[in-house]
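Shown below: work.tsv, with TSV, C-alpha atoms.
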```
chain	number	residue	atom	x	y	z
A	1	MET	CA	-68.98	-1.04	66.81
A	2	PHE	CA	-67.96	-2.33	70.19
A	3	LEU	CA	-64.50	-3.63	71.10
A	4	LYS	CA	-65.15	-7.26	70.10
A	5	ASP	CA	-66.20	-6.27	66.57
A	6	PHE	CA	-63.33	-3.80	66.31
A	7	LEU	CA	-60.87	-6.56	67.23
A	8	ILE	CA	-62.31	-8.82	64.54
A	9	LYS	CA	-62.25	-6.04	61.93
A	10	THR	CA	-58.65	-5.05	62.70
A	11	GLY	CA	-57.32	-8.54	63.37
A	12	THR	CA	-55.57	-7.39	66.53
A	13	ASN	CA	-55.96	-8.19	70.21
A	14	ARG	CA	-57.53	-6.51	73.22
A	15	ASP	CA	-54.20	-5.68	74.90
A	16	THR	CA	-52.92	-3.87	71.81
A	17	ILE	CA	-56.04	-1.73	71.52
A	18	ARG	CA	-56.03	-0.92	75.23
A	19	TYR	CA	-52.37	0.06	74.95
A	20	TYR	CA	-53.16	2.44	72.08
A	21	ILE	CA	-56.02	3.91	74.13
A	22	GLN	CA	-53.69	4.39	77.13
A	23	GLN	CA	-51.14	6.05	74.85
A	24	GLN	CA	-53.93	8.35	73.57
A	25	LEU	CA	-53.52	7.13	70.02
A	26	LEU	CA	-57.11	5.89	69.94
A	27	ASP	CA	-59.98	7.70	71.63
A	28	PRO	CA	-63.15	5.61	71.42
A	29	GLU	CA	-66.30	6.77	73.13
A	30	LYS	CA	-67.55	4.81	76.12
A	31	ILE	CA	-71.17	3.69	76.04
A	32	GLN	CA	-72.44	2.06	79.23
A	33	GLY	CA	-68.85	1.38	80.27
A	34	LYS	CA	-67.89	-0.28	76.98
A	35	TYR	CA	-65.65	1.14	74.28
A	36	TYR	CA	-67.45	2.10	71.08
A	37	PHE	CA	-65.38	2.55	67.93
A	38	THR	CA	-66.40	4.59	64.90
A	39	THR	CA	-64.92	4.70	61.42
A	40	GLN	CA	-62.62	7.47	62.74
A	41	GLU	CA	-61.02	5.12	65.28
A	42	PHE	CA	-60.68	2.49	62.55
A	43	GLN	CA	-58.89	5.03	60.33
A	44	ASP	CA	-56.72	6.10	63.28
A	45	TYR	CA	-55.81	2.44	63.86
A	46	GLN	CA	-54.90	2.03	60.18
A	47	ASP	CA	-52.75	5.18	60.38
A	48	ILE	CA	-50.97	3.79	63.46
A	49	MET	CA	-50.27	0.53	61.62
A	50	ASP	CA	-48.96	2.40	58.57
A	51	LEU	CA	-46.64	4.51	60.72
A	52	LYS	CA	-45.45	1.48	62.69
A	53	GLU	CA	-44.75	-0.33	59.40
A	54	MET	CA	-42.51	2.60	58.42
A	55	GLY	CA	-40.66	2.09	61.69
A	56	PHE	CA	-41.97	5.00	63.73
A	57	SER	CA	-41.88	4.62	67.50
A	58	ILE	CA	-44.99	5.07	69.63
A	59	LYS	CA	-43.51	8.35	70.87
A	60	ALA	CA	-43.11	9.61	67.30
A	61	ILE	CA	-46.63	8.48	66.38
A	62	GLN	CA	-47.99	10.33	69.42
A	63	SER	CA	-46.18	13.47	68.32
A	64	ILE	CA	-47.46	13.17	64.75
A	65	LYS	CA	-51.02	12.62	65.98
A	66	LYS	CA	-50.86	15.55	68.41
A	67	TRP	CA	-49.62	17.90	65.69
A	68	HIS	CA	-52.13	16.52	63.21
A	69	ASP	CA	-55.03	17.06	65.62
A	70	ASN	CA	-53.97	20.64	66.38
A	71	ASN	CA	-52.47	21.80	63.06
A	72	CYS	CA	-53.94	19.60	60.35
A	73	GLY	CA	-52.87	20.65	56.87
A	74	THR	CA	-50.67	23.53	57.99
A	75	LYS	CA	-47.11	24.34	57.09
A	76	GLU	CA	-46.21	23.96	60.77
A	77	GLN	CA	-47.54	20.40	60.80
A	78	TRP	CA	-45.59	19.51	57.67
A	79	GLU	CA	-42.41	21.00	59.11
A	80	HIS	CA	-42.94	19.10	62.34
A	81	ASN	CA	-43.52	15.83	60.45
A	82	LEU	CA	-40.40	16.50	58.37
A	83	GLN	CA	-38.38	16.90	61.57
A	84	ILE	CA	-39.75	13.62	62.95
A	85	ILE	CA	-38.93	11.85	59.69
A	86	ASP	CA	-35.38	13.25	59.76
A	87	GLU	CA	-34.99	11.96	63.33
A	88	GLU	CA	-36.29	8.52	62.33
A	89	ILE	CA	-33.92	8.38	59.34
A	90	ALA	CA	-30.99	9.29	61.61
A	91	HIS	CA	-32.04	6.55	64.02
A	92	ILE	CA	-32.25	4.00	61.19
A	93	GLU	CA	-28.82	5.05	59.88
A	94	LYS	CA	-27.38	4.50	63.35
A	95	GLU	CA	-28.99	1.05	63.52
A	96	ILE	CA	-27.60	0.18	60.07
A	97	TYR	CA	-24.13	1.24	61.20
A	98	ILE	CA	-24.38	-0.96	64.30
A	99	LEU	CA	-25.66	-3.92	62.26
A	100	GLU	CA	-22.92	-3.52	59.66
A	101	ASN	CA	-20.29	-3.59	62.41
A	102	ARG	CA	-21.86	-6.69	63.94
A	103	LYS	CA	-21.96	-8.34	60.52
A	104	GLN	CA	-18.29	-7.56	59.88
A	105	ARG	CA	-17.28	-9.05	63.23
A	106	LEU	CA	-19.35	-12.18	62.58
A	107	VAL	CA	-17.81	-12.59	59.13
A	108	GLN	CA	-14.35	-12.35	60.69
A	109	VAL	CA	-15.19	-15.00	63.29
A	110	LYS	CA	-16.70	-17.19	60.57
A	111	GLU	CA	-13.53	-16.96	58.51
A	112	GLN	CA	-11.39	-17.76	61.55
A	113	LEU	CA	-13.53	-20.82	62.23
A	114	LYS	CA	-13.22	-21.97	58.62
A	115	VAL	CA	-9.42	-21.72	58.87
A	116	LEU	CA	-9.44	-23.71	62.10
A	117	ILE	CA	-11.69	-26.38	60.62
A	118	SER	CA	-9.60	-26.71	57.45
A	119	SER	CA	-6.36	-26.90	59.44
A	120	LYS	CA	-7.55	-29.91	61.45
A	121	THR	CA	-7.07	-33.29	59.89
A	122	VAL	CA	-9.64	-36.02	60.23
A	123	SER	CA	-8.35	-38.88	62.43
```

Whole structure, structure tokens version:
Amino acid sequence: MFLKDFLIKTGTNRDTIRYYIQQQLLDPEKIQGKYYFTTQEFQDYQDIMDLKEMGFSIKAIQSIKKWHDNNCGTKEQWEHNLQIIDEEIAHIEKEIYILENRKQRLVQVKEQLKVLISSKTVS
């Protein structure tokens, strides 16, 4: 299928697909200067979406794809993927820590504002 049909099937836009092509996450064939997508590219797109939904960065997805293409089903690939997952978990834990600190500060400011509001009398 050509790009227009692929966009309809995936429900995405041209810029997103071109970005994934530039990032070498999708590799459609070119026929007479137009991108042609097979079921493999559709599956690759679905895999990208699944990984993005799990929170993986484009860089991590590129690394997973590279290792998958070169070492599919090997212990080395699994170990590599495990390392990437560990890195993503560490990144998420850091984000949670930052968000918890922000939340605590906001709660403190909220409580201070409540005290100020309750201490003022209505004229």

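Contact shell of segment 22-24 of chain A at 10 Å (only C-alpha atoms; same-chain neighbours under 2 positions omitted): Thr16, Ile17, Arg18, Tyr19, Tyr20, Leu26, Asp27, Pro28, Ile58, Lys59, Ile61, Gln62, Lys65 and Lys66 of chain A.
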
Requested in this report: Quick one: pull the distance between atom CA of Thr74 of chain A and atom CA of Asp50 of chain A, Å, one decimal.
Outcome: 21.2 Å

Requested in this report: Report the distance between atom CA of Val115 of chain A and atom CA of Leu99 of chain A in Å, rounded to one decimal place.
Outcome: 24.3 Å

How would segment 85-98 of chain A look written as a PDB file, in the first residue's frame with all heavy atoms?
```
ATOM      1  N   ILE A  85      15.345  -1.913  29.339  1.00  0.00           N
ATOM      2  CA  ILE A  85      14.195  -1.841  30.253  1.00  0.00           C
ATOM      3  C   ILE A  85      14.639  -1.337  31.622  1.00  0.00           C
ATOM      4  O   ILE A  85      13.979  -0.488  32.226  1.00  0.00           O
ATOM      5  CB  ILE A  85      13.480  -3.199  30.335  1.00  0.00           C
ATOM      6  CG1 ILE A  85      12.753  -3.479  29.013  1.00  0.00           C
ATOM      7  CG2 ILE A  85      12.511  -3.242  31.524  1.00  0.00           C
ATOM      8  CD1 ILE A  85      12.218  -4.886  28.881  1.00  0.00           C
ATOM      9  N   ASP A  86      15.761  -1.825  32.109  1.00  0.00           N
ATOM     10  CA  ASP A  86      16.291  -1.349  33.400  1.00  0.00           C
ATOM     11  C   ASP A  86      16.566   0.153  33.347  1.00  0.00           C
ATOM     12  O   ASP A  86      16.261   0.878  34.299  1.00  0.00           O
ATOM     13  CB  ASP A  86      17.565  -2.105  33.777  1.00  0.00           C
ATOM     14  CG  ASP A  86      17.294  -3.509  34.290  1.00  0.00           C
ATOM     15  OD1 ASP A  86      16.142  -3.785  34.693  1.00  0.00           O
ATOM     16  OD2 ASP A  86      18.248  -4.322  34.278  1.00  0.00           O
ATOM     17  N   GLU A  87      17.129   0.624  32.236  1.00  0.00           N
ATOM     18  CA  GLU A  87      17.397   2.051  32.086  1.00  0.00           C
ATOM     19  C   GLU A  87      16.096   2.853  32.061  1.00  0.00           C
ATOM     20  O   GLU A  87      16.012   3.928  32.667  1.00  0.00           O
ATOM     21  CB  GLU A  87      18.203   2.309  30.804  1.00  0.00           C
ATOM     22  CG  GLU A  87      19.631   1.806  30.879  1.00  0.00           C
ATOM     23  CD  GLU A  87      20.338   1.799  29.533  1.00  0.00           C
ATOM     24  OE1 GLU A  87      19.750   2.235  28.512  1.00  0.00           O
ATOM     25  OE2 GLU A  87      21.499   1.339  29.490  1.00  0.00           O
ATOM     26  N   GLU A  88      15.090   2.345  31.372  1.00  0.00           N
ATOM     27  CA  GLU A  88      13.798   3.037  31.307  1.00  0.00           C
ATOM     28  C   GLU A  88      13.131   3.077  32.685  1.00  0.00           C
ATOM     29  O   GLU A  88      12.559   4.087  33.073  1.00  0.00           O
ATOM     30  CB  GLU A  88      12.876   2.371  30.279  1.00  0.00           C
ATOM     31  CG  GLU A  88      13.310   2.572  28.846  1.00  0.00           C
ATOM     32  CD  GLU A  88      13.250   4.017  28.379  1.00  0.00           C
ATOM     33  OE1 GLU A  88      12.281   4.726  28.708  1.00  0.00           O
ATOM     34  OE2 GLU A  88      14.190   4.443  27.685  1.00  0.00           O
ATOM     35  N   ILE A  89      13.222   1.979  33.430  1.00  0.00           N
ATOM     36  CA  ILE A  89      12.651   1.946  34.784  1.00  0.00           C
ATOM     37  C   ILE A  89      13.357   2.965  35.670  1.00  0.00           C
ATOM     38  O   ILE A  89      12.709   3.692  36.431  1.00  0.00           O
ATOM     39  CB  ILE A  89      12.724   0.516  35.380  1.00  0.00           C
ATOM     40  CG1 ILE A  89      11.735  -0.398  34.650  1.00  0.00           C
ATOM     41  CG2 ILE A  89      12.449   0.534  36.882  1.00  0.00           C
ATOM     42  CD1 ILE A  89      11.884  -1.872  34.997  1.00  0.00           C
ATOM     43  N   ALA A  90      14.684   3.038  35.571  1.00  0.00           N
ATOM     44  CA  ALA A  90      15.433   4.021  36.360  1.00  0.00           C
ATOM     45  C   ALA A  90      15.017   5.441  35.992  1.00  0.00           C
ATOM     46  O   ALA A  90      14.856   6.298  36.875  1.00  0.00           O
ATOM     47  CB  ALA A  90      16.937   3.833  36.144  1.00  0.00           C
ATOM     48  N   HIS A  91      14.810   5.679  34.715  1.00  0.00           N
ATOM     49  CA  HIS A  91      14.370   6.997  34.267  1.00  0.00           C
ATOM     50  C   HIS A  91      12.982   7.327  34.826  1.00  0.00           C
ATOM     51  O   HIS A  91      12.740   8.440  35.301  1.00  0.00           O
ATOM     52  CB  HIS A  91      14.359   7.038  32.729  1.00  0.00           C
ATOM     53  CG  HIS A  91      13.877   8.325  32.166  1.00  0.00           C
ATOM     54  ND1 HIS A  91      14.621   9.481  32.207  1.00  0.00           N
ATOM     55  CD2 HIS A  91      12.714   8.648  31.547  1.00  0.00           C
ATOM     56  CE1 HIS A  91      13.938  10.455  31.645  1.00  0.00           C
ATOM     57  NE2 HIS A  91      12.788   9.975  31.239  1.00  0.00           N
ATOM     58  N   ILE A  92      12.085   6.372  34.791  1.00  0.00           N
ATOM     59  CA  ILE A  92      10.729   6.571  35.326  1.00  0.00           C
ATOM     60  C   ILE A  92      10.786   6.832  36.830  1.00  0.00           C
ATOM     61  O   ILE A  92      10.090   7.712  37.342  1.00  0.00           O
ATOM     62  CB  ILE A  92       9.840   5.352  35.003  1.00  0.00           C
ATOM     63  CG1 ILE A  92       9.534   5.318  33.504  1.00  0.00           C
ATOM     64  CG2 ILE A  92       8.549   5.376  35.824  1.00  0.00           C
ATOM     65  CD1 ILE A  92       8.892   4.023  33.036  1.00  0.00           C
ATOM     66  N   GLU A  93      11.613   6.079  37.541  1.00  0.00           N
ATOM     67  CA  GLU A  93      11.738   6.286  38.989  1.00  0.00           C
ATOM     68  C   GLU A  93      12.249   7.685  39.304  1.00  0.00           C
ATOM     69  O   GLU A  93      11.791   8.322  40.256  1.00  0.00           O
ATOM     70  CB  GLU A  93      12.633   5.208  39.602  1.00  0.00           C
ATOM     71  CG  GLU A  93      11.952   3.851  39.653  1.00  0.00           C
ATOM     72  CD  GLU A  93      12.852   2.716  40.105  1.00  0.00           C
ATOM     73  OE1 GLU A  93      14.094   2.911  40.148  1.00  0.00           O
ATOM     74  OE2 GLU A  93      12.321   1.639  40.389  1.00  0.00           O
ATOM     75  N   LYS A  94      13.165   8.179  38.494  1.00  0.00           N
ATOM     76  CA  LYS A  94      13.663   9.546  38.672  1.00  0.00           C
ATOM     77  C   LYS A  94      12.545  10.557  38.419  1.00  0.00           C
ATOM     78  O   LYS A  94      12.386  11.514  39.178  1.00  0.00           O
ATOM     79  CB  LYS A  94      14.833   9.803  37.718  1.00  0.00           C
ATOM     80  CG  LYS A  94      15.447  11.175  37.854  1.00  0.00           C
ATOM     81  CD  LYS A  94      16.621  11.356  36.912  1.00  0.00           C
ATOM     82  CE  LYS A  94      17.181  12.764  37.021  1.00  0.00           C
ATOM     83  NZ  LYS A  94      18.299  12.977  36.086  1.00  0.00           N
ATOM     84  N   GLU A  95      11.762  10.326  37.376  1.00  0.00           N
ATOM     85  CA  GLU A  95      10.632  11.224  37.087  1.00  0.00           C
ATOM     86  C   GLU A  95       9.611  11.209  38.222  1.00  0.00           C
ATOM     87  O   GLU A  95       9.068  12.251  38.593  1.00  0.00           O
ATOM     88  CB  GLU A  95       9.956  10.826  35.778  1.00  0.00           C
ATOM     89  CG  GLU A  95      10.756  11.167  34.543  1.00  0.00           C
ATOM     90  CD  GLU A  95      10.057  10.740  33.253  1.00  0.00           C
ATOM     91  OE1 GLU A  95       8.967  10.126  33.316  1.00  0.00           O
ATOM     92  OE2 GLU A  95      10.611  11.030  32.187  1.00  0.00           O
ATOM     93  N   ILE A  96       9.329  10.028  38.760  1.00  0.00           N
ATOM     94  CA  ILE A  96       8.382   9.913  39.878  1.00  0.00           C
ATOM     95  C   ILE A  96       8.897  10.702  41.075  1.00  0.00           C
ATOM     96  O   ILE A  96       8.135  11.419  41.735  1.00  0.00           O
ATOM     97  CB  ILE A  96       8.140   8.425  40.237  1.00  0.00           C
ATOM     98  CG1 ILE A  96       7.322   7.746  39.135  1.00  0.00           C
ATOM     99  CG2 ILE A  96       7.432   8.297  41.592  1.00  0.00           C
ATOM    100  CD1 ILE A  96       7.231   6.234  39.284  1.00  0.00           C
ATOM    101  N   TYR A  97      10.181  10.579  41.366  1.00  0.00           N
ATOM    102  CA  TYR A  97      10.787  11.307  42.475  1.00  0.00           C
ATOM    103  C   TYR A  97      10.609  12.815  42.285  1.00  0.00           C
ATOM    104  O   TYR A  97      10.203  13.532  43.209  1.00  0.00           O
ATOM    105  CB  TYR A  97      12.273  10.937  42.591  1.00  0.00           C
ATOM    106  CG  TYR A  97      13.013  11.718  43.642  1.00  0.00           C
ATOM    107  CD1 TYR A  97      12.895  11.391  44.989  1.00  0.00           C
ATOM    108  CD2 TYR A  97      13.819  12.794  43.284  1.00  0.00           C
ATOM    109  CE1 TYR A  97      13.574  12.107  45.958  1.00  0.00           C
ATOM    110  CE2 TYR A  97      14.502  13.517  44.247  1.00  0.00           C
ATOM    111  CZ  TYR A  97      14.376  13.179  45.582  1.00  0.00           C
ATOM    112  OH  TYR A  97      15.041  13.897  46.541  1.00  0.00           O
ATOM    113  N   ILE A  98      10.895  13.293  41.078  1.00  0.00           N
ATOM    114  CA  ILE A  98      10.748  14.723  40.781  1.00  0.00           C
ATOM    115  C   ILE A  98       9.292  15.149  40.921  1.00  0.00           C
ATOM    116  O   ILE A  98       8.994  16.189  41.533  1.00  0.00           O
ATOM    117  CB  ILE A  98      11.289  15.032  39.362  1.00  0.00           C
ATOM    118  CG1 ILE A  98      12.816  14.878  39.343  1.00  0.00           C
ATOM    119  CG2 ILE A  98      10.870  16.425  38.898  1.00  0.00           C
ATOM    120  CD1 ILE A  98      13.425  14.865  37.948  1.00  0.00           C
TER     121      ILE A  98
END
```
